[in-house]
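Printed here is work.txt (compact mmCIF, C-alpha atoms):
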```txt
# COMPACT_ATOMS: atom_id res chain seq x y z
CA MET A 1 0.00 0.00 0.00
CA ALA A 2 2.86 2.34 0.81
CA GLY A 3 4.23 1.81 -2.68
CA ALA A 4 0.89 2.74 -4.26
CA ALA A 5 0.69 5.88 -2.11
CA ASP A 6 4.25 6.88 -3.02
CA GLN A 7 3.36 6.52 -6.70
CA VAL A 8 0.31 8.77 -6.53
CA PHE A 9 2.33 11.39 -4.62
CA ALA A 10 5.00 11.28 -7.34
CA ASP A 11 2.35 11.44 -10.08
CA LEU A 12 0.70 14.44 -8.40
CA ARG A 13 4.00 16.30 -8.51
CA ALA A 14 4.54 15.30 -12.15
CA GLU A 15 1.06 16.49 -13.13
CA GLY A 16 1.73 19.87 -11.58
CA GLU A 17 5.09 20.15 -13.28
CA GLU A 18 3.59 19.42 -16.71
CA LEU A 19 1.01 22.17 -16.32
CA ASP A 20 3.64 24.51 -14.88
CA ALA A 21 5.79 24.01 -17.98
CA LEU A 22 2.83 24.96 -20.14
CA LEU A 23 2.54 28.26 -18.27
CA ALA A 24 6.21 29.17 -18.03
CA ASP A 25 6.32 31.48 -21.07
CA THR A 26 2.72 32.67 -21.24
CA SER A 27 2.06 36.37 -21.82
CA ALA A 28 -0.24 38.60 -19.81
CA ALA A 29 -2.75 38.39 -22.64
CA GLN A 30 -2.70 34.59 -22.49
CA TRP A 31 -3.34 34.64 -18.74
CA SER A 32 -6.50 36.59 -19.54
CA ALA A 33 -7.60 34.21 -22.31
CA PRO A 34 -11.03 32.62 -21.79
CA THR A 35 -11.15 28.89 -21.11
CA PRO A 36 -13.99 26.42 -21.82
CA ALA A 37 -15.28 27.04 -18.26
CA SER A 38 -17.75 29.90 -18.61
CA GLY A 39 -16.40 33.13 -17.12
CA TRP A 40 -13.02 31.64 -16.24
CA THR A 41 -9.73 32.72 -17.75
CA VAL A 42 -6.40 30.90 -17.55
CA ALA A 43 -5.73 32.97 -14.41
CA HIS A 44 -8.99 31.74 -12.82
CA GLN A 45 -7.99 28.14 -13.48
CA ILE A 46 -4.60 28.47 -11.78
CA ALA A 47 -6.04 30.61 -8.98
CA HIS A 48 -8.56 27.86 -8.33
CA LEU A 49 -5.84 25.23 -8.11
CA ALA A 50 -3.78 27.43 -5.79
CA TRP A 51 -6.81 28.18 -3.61
CA THR A 52 -7.87 24.53 -3.40
CA ASP A 53 -4.34 23.35 -2.62
CA ARG A 54 -4.30 25.82 0.27
CA ARG A 55 -7.64 24.56 1.55
CA ALA A 56 -6.33 20.97 1.34
CA LEU A 57 -3.17 21.97 3.21
CA LEU A 58 -5.28 23.53 5.95
CA ALA A 59 -7.38 20.35 6.18
CA VAL A 60 -4.19 18.30 6.61
CA ARG A 61 -2.51 20.58 9.15
CA ASP A 62 -5.45 21.92 11.17
CA GLU A 63 -8.70 20.00 10.77
CA ALA A 64 -10.59 22.13 13.28
CA ALA A 65 -9.62 25.33 11.47
CA PHE A 66 -10.67 23.81 8.15
CA ARG A 67 -14.09 22.85 9.50
CA ARG A 68 -14.57 26.32 11.00
CA GLU A 69 -13.70 27.92 7.68
CA VAL A 70 -16.24 25.78 5.85
CA GLU A 71 -18.95 26.54 8.42
CA GLU A 72 -18.23 30.27 8.28
CA ALA A 73 -18.21 30.28 4.48
CA LEU A 74 -21.54 28.47 4.28
CA ALA A 75 -23.07 30.76 6.91
CA ALA A 76 -21.98 33.83 4.91
CA LEU A 77 -23.60 32.66 1.68
CA PRO A 78 -26.70 34.54 0.52
CA ASP A 79 -30.03 32.74 0.32
CA GLY A 80 -29.87 30.18 -2.44
CA GLY A 81 -26.07 30.19 -2.46
CA SER A 82 -23.95 27.06 -2.50
CA LEU A 83 -20.43 25.87 -1.90
CA THR A 84 -19.77 26.59 -5.57
CA ASP A 85 -20.11 30.32 -4.86
CA PHE A 86 -17.46 30.03 -2.15
CA VAL A 87 -15.09 28.25 -4.53
CA ASP A 88 -15.74 30.68 -7.38
CA GLU A 89 -15.01 33.64 -5.11
CA GLY A 90 -11.63 32.15 -4.23
CA ALA A 91 -10.79 31.76 -7.92
CA ALA A 92 -11.89 35.32 -8.73
CA GLN A 93 -9.81 36.82 -5.95
CA GLY A 94 -6.68 34.92 -6.97
CA ALA A 95 -7.15 35.70 -10.65
CA ALA A 96 -6.88 39.42 -9.87
CA ASP A 97 -3.23 39.00 -8.84
CA ALA A 98 -0.32 39.58 -11.19
CA PRO A 99 0.41 36.41 -13.21
CA HIS A 100 3.93 36.00 -11.80
CA ALA A 101 2.65 36.26 -8.22
CA LEU A 102 -0.19 33.82 -8.89
CA LEU A 103 2.13 31.31 -10.54
CA ALA A 104 4.63 31.57 -7.67
CA ARG A 105 1.86 31.03 -5.09
CA TRP A 106 0.57 27.96 -6.89
CA ARG A 107 4.08 26.52 -7.13
CA VAL A 108 4.78 26.95 -3.43
CA GLY A 109 1.37 25.72 -2.35
CA ARG A 110 1.31 22.54 -4.38
CA LEU A 111 4.78 21.54 -3.17
CA GLU A 112 3.82 22.22 0.45
CA LEU A 113 0.71 20.10 0.04
CA ALA A 114 2.62 17.22 -1.55
CA ARG A 115 5.07 17.17 1.35
CA ALA A 116 2.30 17.39 3.95
CA LEU A 117 0.29 14.55 2.38
CA ALA A 118 3.34 12.29 2.35
CA GLU A 119 3.58 12.70 6.14
CA VAL A 120 -0.04 11.74 6.90
CA PRO A 121 -0.45 8.27 8.48
CA GLY A 122 -1.98 5.81 6.06
CA SER A 123 -5.11 5.17 8.13
CA HIS A 124 -5.91 8.82 8.86
CA ARG A 125 -8.92 10.43 7.15
CA ILE A 126 -8.70 14.06 6.06
CA PRO A 127 -11.88 16.20 6.12
CA TRP A 128 -13.01 17.70 2.83
CA TYR A 129 -15.97 19.30 1.08
CA GLY A 130 -17.15 15.83 0.15
CA PRO A 131 -16.49 12.60 2.09
CA PRO A 132 -13.26 12.52 4.16
CA MET A 133 -10.36 10.68 2.55
CA GLY A 134 -6.91 9.32 3.22
CA ALA A 135 -3.73 11.03 2.08
CA ALA A 136 -3.45 8.94 -1.08
CA GLY A 137 -7.10 9.67 -1.86
CA MET A 138 -6.53 13.39 -1.35
CA ALA A 139 -3.47 13.26 -3.65
CA THR A 140 -5.58 11.45 -6.26
CA ALA A 141 -8.27 14.13 -6.02
CA ARG A 142 -5.71 16.90 -6.39
CA LEU A 143 -4.15 15.14 -9.39
CA MET A 144 -7.61 14.85 -10.95
CA GLU A 145 -8.25 18.57 -10.44
CA THR A 146 -4.81 19.55 -11.72
CA TRP A 147 -5.26 17.48 -14.87
CA ALA A 148 -8.84 18.64 -15.50
CA HIS A 149 -8.10 22.34 -15.06
CA GLY A 150 -4.93 21.81 -17.05
CA GLU A 151 -7.11 20.62 -19.93
CA ASP A 152 -9.03 23.91 -19.77
CA VAL A 153 -5.78 25.88 -19.74
CA ALA A 154 -4.42 23.92 -22.70
CA ALA A 155 -7.62 24.56 -24.66
CA ALA A 156 -7.34 28.30 -24.00
CA LEU A 157 -3.73 28.31 -25.17
CA GLY A 158 -4.45 26.21 -28.25
CA VAL A 159 -2.31 23.31 -27.04
CA ARG A 160 -3.18 19.63 -27.27
CA ARG A 161 -1.70 17.61 -24.43
CA GLU A 162 -0.95 13.94 -24.91
CA PRO A 163 -2.62 11.66 -22.33
CA THR A 164 -0.27 10.00 -19.83
CA VAL A 165 -0.63 6.89 -17.70
CA ARG A 166 -1.27 9.22 -14.77
CA LEU A 167 -4.85 9.17 -16.00
CA ARG A 168 -5.24 5.79 -14.30
CA HIS A 169 -5.69 7.72 -11.05
CA VAL A 170 -8.45 9.85 -12.58
CA ALA A 171 -10.15 6.79 -14.03
CA TRP A 172 -10.02 5.00 -10.67
CA LEU A 173 -11.52 8.05 -8.96
CA GLY A 174 -14.23 8.27 -11.60
CA VAL A 175 -15.24 4.68 -10.88
CA ARG A 176 -15.05 5.11 -7.10
CA THR A 177 -17.30 8.18 -7.17
CA ARG A 178 -20.14 6.47 -9.02
CA ASP A 179 -22.48 6.44 -6.02
CA PHE A 180 -21.50 10.00 -5.07
CA ALA A 181 -22.69 11.22 -8.48
CA TYR A 182 -26.13 9.83 -7.69
CA ALA A 183 -26.23 10.95 -4.06
CA VAL A 184 -25.25 14.56 -4.83
CA ARG A 185 -28.33 14.71 -7.08
CA GLY A 186 -30.62 13.17 -4.50
CA LEU A 187 -30.84 9.91 -6.45
CA GLU A 188 -30.61 6.34 -5.20
CA PRO A 189 -27.39 4.68 -6.46
CA PRO A 190 -27.73 1.33 -8.25
CA GLY A 191 -27.36 -1.65 -5.96
CA GLU A 192 -25.24 -3.75 -8.29
CA PRO A 193 -21.58 -3.20 -9.25
CA PHE A 194 -20.65 -2.07 -12.74
CA ARG A 195 -17.92 -3.33 -15.04
CA VAL A 196 -15.76 -0.57 -16.51
CA GLU A 197 -13.22 -1.46 -19.20
CA LEU A 198 -11.04 1.34 -20.53
CA SER A 199 -8.39 1.25 -23.24
CA PHE A 200 -5.24 3.33 -23.14
CA PRO A 201 -2.67 3.54 -25.94
CA GLY A 202 0.65 2.03 -24.91
CA PRO A 203 4.07 3.46 -25.77
CA GLU A 204 4.35 1.34 -28.92
CA GLY A 205 0.80 1.65 -30.11
CA ASP A 206 -0.58 -1.37 -28.23
CA GLU A 207 -3.70 -0.93 -26.12
CA ALA A 208 -3.42 -1.41 -22.38
CA ALA A 209 -6.69 -2.21 -20.58
CA TRP A 210 -7.79 -0.75 -17.25
CA ALA A 211 -10.66 -2.77 -15.80
CA TYR A 212 -12.81 -2.27 -12.71
CA GLY A 213 -15.66 -4.33 -11.27
CA PRO A 214 -16.72 -7.94 -11.82
CA GLU A 215 -16.31 -9.36 -15.31
CA ASP A 216 -19.86 -10.75 -15.35
CA ALA A 217 -21.58 -7.48 -14.34
CA GLY A 218 -24.72 -6.74 -16.32
CA GLN A 219 -24.08 -3.00 -16.37
CA ARG A 220 -20.97 -2.11 -18.38
CA VAL A 221 -19.06 0.92 -19.61
CA THR A 222 -16.34 0.58 -22.23
CA GLY A 223 -14.22 2.96 -24.27
CA PRO A 224 -11.04 5.06 -24.29
CA ALA A 225 -9.64 5.98 -20.88
CA PRO A 226 -9.02 9.64 -21.85
CA ASP A 227 -12.68 10.00 -22.87
CA PHE A 228 -13.84 8.50 -19.58
CA CYS A 229 -11.57 10.82 -17.59
CA LEU A 230 -12.81 13.87 -19.51
CA LEU A 231 -16.40 12.79 -18.87
CA VAL A 232 -16.14 12.18 -15.11
CA THR A 233 -14.40 15.54 -14.69
CA GLN A 234 -17.14 17.08 -16.86
CA ARG A 235 -14.70 18.41 -19.45
CA VAL A 236 -16.59 16.90 -22.37
CA HIS A 237 -20.15 16.15 -23.35
CA ARG A 238 -20.93 12.47 -23.48
CA GLY A 239 -21.92 12.81 -27.14
CA ASP A 240 -18.37 13.88 -27.95
CA THR A 241 -16.85 10.67 -26.57
CA ALA A 242 -16.48 7.12 -27.84
CA LEU A 243 -17.78 5.66 -24.57
CA ARG A 244 -20.39 2.91 -24.71
CA ALA A 245 -22.83 1.81 -22.03
CA GLU A 246 -24.64 -1.50 -21.72
CA GLY A 247 -27.63 -1.45 -19.41
CA ALA A 248 -30.04 1.28 -18.32
CA ASP A 249 -28.15 2.06 -15.10
CA ALA A 250 -24.84 2.38 -16.92
CA GLU A 251 -26.50 4.70 -19.44
CA ARG A 252 -27.82 6.89 -16.64
CA TRP A 253 -24.46 7.00 -14.86
CA LEU A 254 -22.64 8.33 -17.89
CA ASP A 255 -25.12 11.20 -18.01
CA ILE A 256 -24.40 12.29 -14.41
CA ALA A 257 -20.84 11.06 -13.69
CA GLN A 258 -18.91 13.43 -11.44
CA ALA A 259 -15.54 12.74 -9.85
CA PHE A 260 -15.16 16.06 -8.01
CA ALA A 261 -16.68 17.16 -4.69
CA GLY A 262 -19.41 19.75 -4.41
CA PRO A 263 -22.84 20.30 -5.95
CA PRO A 264 -23.79 18.73 -9.30
CA GLY A 265 -21.73 20.18 -12.12
CA ALA A 266 -23.35 21.63 -15.23
CA GLY A 267 -21.08 19.68 -17.58
CA ARG A 268 -20.15 20.84 -21.09
CA LYS A 269 -22.22 21.36 -24.19
CA ALA A 270 -21.81 19.02 -27.14
CA THR A 271 -19.46 20.28 -29.84
CA THR A 272 -19.72 17.61 -32.53
CA GLY A 273 -23.20 16.24 -31.98
CA GLY A 274 -21.91 12.69 -31.90
CA ALA A 275 -19.18 10.34 -30.80
CA ARG A 276 -15.73 11.25 -31.99
```
Could you quickly redo this structure as structure tokens?
Amino acid sequence: MAGAADQVFADLRAEGEELDALLADTSAAQWSAPTPASGWTVAHQIAHLAWTDRRALLAVRDEAAFRREVEEALAALPDGGSLTDFVDEGAAQGAADAPHALLARWRVGRLELARALAEVPGSHRIPWYGPPMGAAGMATARLMETWAHGEDVAAALGVRREPTVRLRHVAWLGVRTRDFAYAVRGLEPPGEPFRVELSFPGPEGDEAAWAYGPEDAGQRVTGPAPDFCLLVTQRVHRGDTALRAEGADAERWLDIAQAFAGPPGAGRKATTGGAR
């Protein structure tokens, strides 16, 4: 187990470094470029990552202070407000900073968090905006967020990033959060396990398979791992993927899949009108 945790910690650092390299030579105009997330620029995306890393660091180092902050933030929301408003405010505040200051803050914060997570005992559960999680789970969630927001940044900059095997962490999280996607919408999760089979192109063109759930499950999801990861992070419309579902419950899940904490996401609009 320690080996698996060490790997996700290393992959979290690598994911941050890849996005950091993408930002190293960006101009002020590029920091202000709109991303696929409505109302968010490149600066908003990085400010969000920096803000969330800081919240995660607080949860690791001072759980009581983290819980107080969440309670105070929720109490300060206007009628009809949600946790999303709290998160968006953090991104907006950070995006107002000078790009070099924002980038420096994100760099320091993500490294501090990585070090802090590596020191958390394996059995300890860290509080969060969704269910509490262990250090490896928190690192997986931060990797998922870094990759997903990195996709938005890359789109704004006109860059296509090649998928890496680090996506196995995002895929695993997408499968593990199946019931959460139902619960956050007030729906009853299916009682039976699903089979998820995802393909990922190997270094020499061969297809590696990532499989989850019993082989004889009646409800099945199959397709490319990058498409699945984009879907569960709500970076793509289901109609723009090559994912296939077998069974009514599997069909429904792909319409509501959500690997991140918080209220139900709005998802993305279809761009092609069909599977790519």
Could I get the residues of segment 152-183 of chain A with an atom no further than 7 Å from an atom of segment 25-46 of chain A, each paired with its nearest atom pair and that distance in Å to one decimal, using all atoms listed in the file, sorted by chain and residue number, as CSV?
```
residue,atom,partner,partner_atom,distance
A:Asp152,CA,A:Thr35,CA,5.6
A:Val153,CA,A:Val42,CA,5.5
A:Ala155,CA,A:Thr35,CA,6.6
A:Ala156,CA,A:Thr35,CA,4.8
A:Leu157,CA,A:Gln30,CA,6.9
```
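Remark: for Gly265 of chain A, the closest of the candidate residues A:Arg110, A:Cys229, A:Ala250, A:Ala181 is A:Ala181 (distances computed over all atoms listed in the file).
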Write out as JSON lines the residues of segment 18-101 of chain A that have any atom within 10 Å of an atom of segment 119-128 of chain A, one row each with the nearest atom pair and its distance in Å to one decimal, counting all atoms listed in the file, sorted by chain and then rising number.
```
{"residue": "A:Arg55", "atom": "CA", "partner": "A:Trp128", "partner_atom": "CA", "distance": 8.8}
{"residue": "A:Ala56", "atom": "CA", "partner": "A:Trp128", "partner_atom": "CA", "distance": 7.6}
{"residue": "A:Leu58", "atom": "CA", "partner": "A:Pro127", "partner_atom": "CA", "distance": 9.9}
{"residue": "A:Ala59", "atom": "CA", "partner": "A:Pro127", "partner_atom": "CA", "distance": 6.1}
{"residue": "A:Val60", "atom": "CA", "partner": "A:Ile126", "partner_atom": "CA", "distance": 6.2}
{"residue": "A:Arg61", "atom": "CA", "partner": "A:Val120", "partner_atom": "CA", "distance": 9.5}
{"residue": "A:Asp62", "atom": "CA", "partner": "A:Ile126", "partner_atom": "CA", "distance": 9.9}
{"residue": "A:Glu63", "atom": "CA", "partner": "A:Pro127", "partner_atom": "CA", "distance": 6.8}
{"residue": "A:Ala64", "atom": "CA", "partner": "A:Pro127", "partner_atom": "CA", "distance": 9.4}
{"residue": "A:Phe66", "atom": "CA", "partner": "A:Pro127", "partner_atom": "CA", "distance": 8.0}
{"residue": "A:Arg67", "atom": "CA", "partner": "A:Pro127", "partner_atom": "CA", "distance": 7.8}
{"residue": "A:Val70", "atom": "CA", "partner": "A:Trp128", "partner_atom": "CA", "distance": 9.2}
```
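When atom CA of Arg142 of chain A is paired with atom CA of Arg235 of chain A, their separation reads 15.9 Å.
Note that the spacing between atom CA of Asp20 of chain A and atom CA of Glu69 of chain A amounts to 28.7 Å.
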List as JSON lines every residue of segment 210-268 of chain A that is in contact with segment 163-178 of chain A, defined as an atom at most 10 Å from one of its atoms (using all atoms listed in the file), together with the nearest atom pair and the distance in Å rounded to one decimal, sorted by chain and then rising number.
```
{"residue": "A:Trp210", "atom": "CA", "partner": "A:Arg168", "partner_atom": "CA", "distance": 7.6}
{"residue": "A:Ala211", "atom": "CA", "partner": "A:Trp172", "partner_atom": "CA", "distance": 9.3}
{"residue": "A:Tyr212", "atom": "CA", "partner": "A:Val175", "partner_atom": "CA", "distance": 7.6}
{"residue": "A:Gly213", "atom": "CA", "partner": "A:Val175", "partner_atom": "CA", "distance": 9.0}
{"residue": "A:Ala225", "atom": "CA", "partner": "A:Ala171", "partner_atom": "CA", "distance": 6.9}
{"residue": "A:Pro226", "atom": "CA", "partner": "A:Pro163", "partner_atom": "CA", "distance": 6.7}
{"residue": "A:Asp227", "atom": "CA", "partner": "A:Ala171", "partner_atom": "CA", "distance": 9.7}
{"residue": "A:Phe228", "atom": "CA", "partner": "A:Ala171", "partner_atom": "CA", "distance": 6.9}
{"residue": "A:Cys229", "atom": "CA", "partner": "A:Ala171", "partner_atom": "CA", "distance": 5.6}
{"residue": "A:Leu230", "atom": "CA", "partner": "A:Val170", "partner_atom": "CA", "distance": 9.1}
{"residue": "A:Leu231", "atom": "CA", "partner": "A:Gly174", "partner_atom": "CA", "distance": 8.8}
{"residue": "A:Val232", "atom": "CA", "partner": "A:Gly174", "partner_atom": "CA", "distance": 5.6}
{"residue": "A:Thr233", "atom": "CA", "partner": "A:Gly174", "partner_atom": "CA", "distance": 7.9}
{"residue": "A:Trp253", "atom": "CA", "partner": "A:Arg178", "partner_atom": "CA", "distance": 7.3}
{"residue": "A:Leu254", "atom": "CA", "partner": "A:Arg178", "partner_atom": "CA", "distance": 9.4}
{"residue": "A:Ile256", "atom": "CA", "partner": "A:Arg178", "partner_atom": "CA", "distance": 9.0}
{"residue": "A:Ala257", "atom": "CA", "partner": "A:Arg178", "partner_atom": "CA", "distance": 6.6}
{"residue": "A:Gln258", "atom": "CA", "partner": "A:Thr177", "partner_atom": "CA", "distance": 7.0}
{"residue": "A:Ala259", "atom": "CA", "partner": "A:Gly174", "partner_atom": "CA", "distance": 5.0}
{"residue": "A:Phe260", "atom": "CA", "partner": "A:Thr177", "partner_atom": "CA", "distance": 8.2}
{"residue": "A:Ala261", "atom": "CA", "partner": "A:Thr177", "partner_atom": "CA", "distance": 9.3}
```
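Atom CA of Val87 of chain A is found 7.6 Å from atom CA of His48 of chain A.
Residue neighbourhood of Ala4 of chain A, excluding near-sequence residues (fewer than 3 positions): A:Met1, A:Gln7, A:Val8, A:Phe9, A:Ala10, A:Asp11, A:Ala118, A:Gly122, A:Ala135, A:Ala136, A:Gly137, A:Ala139, A:Thr140, A:His169, at 12 Å, using all atoms listed in the file.
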field: Close residues, Pro190 of chain A itself excluded, 9 Å, only C-alpha atoms, min 5 positions apart in chain, as number ranges by chain
entry: A: 179, 182, 249
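Closest approach to Phe86 of chain A among A:Glu188, A:Thr52, A:Leu117, A:Phe200 is made by A:Thr52 (distances from all atoms listed in the file).
Residue nearest Leu198 of chain A within the list A:Gly150, A:Pro263, A:Gly223, A:Pro214: A:Gly223 [criterion: smallest interatomic distance, all atoms listed in the file].
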query: Can you find the residues with an atom no farther than 8 Å from (-20.7, 4.5, -25.7), counting only C-alpha atoms, and report them as a list in words?
result: Val221, Thr222, Gly223, Thr241, Ala242, Leu243, Arg244, Ala245 and Ala275 of chain A
Go ahead and find all residues with at least one atom no further than 6 Å from (-18.8, -2.3, -14.7) in the file's coordinates, using all atoms listed in the file; report them as a PDB file with C-alpha atoms, keeping the file's coordinate frame.
```pdb
ATOM      1  CA  PHE A 194     -20.650  -2.070 -12.740  1.00  0.00           C
ATOM      2  CA  ARG A 195     -17.920  -3.330 -15.040  1.00  0.00           C
ATOM      3  CA  VAL A 196     -15.760  -0.570 -16.510  1.00  0.00           C
ATOM      4  CA  GLY A 213     -15.660  -4.330 -11.270  1.00  0.00           C
ATOM      5  CA  ALA A 217     -21.580  -7.480 -14.340  1.00  0.00           C
ATOM      6  CA  GLN A 219     -24.080  -3.000 -16.370  1.00  0.00           C
ATOM      7  CA  ARG A 220     -20.970  -2.110 -18.380  1.00  0.00           C
ATOM      8  CA  VAL A 221     -19.060   0.920 -19.610  1.00  0.00           C
TER       9      VAL A 221
END
```
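Counting all atoms listed in the file, the residue from A:Leu57, A:Pro224, A:Ala96, A:Tyr129 that sits nearest to Glu71 of chain A is A:Tyr129.
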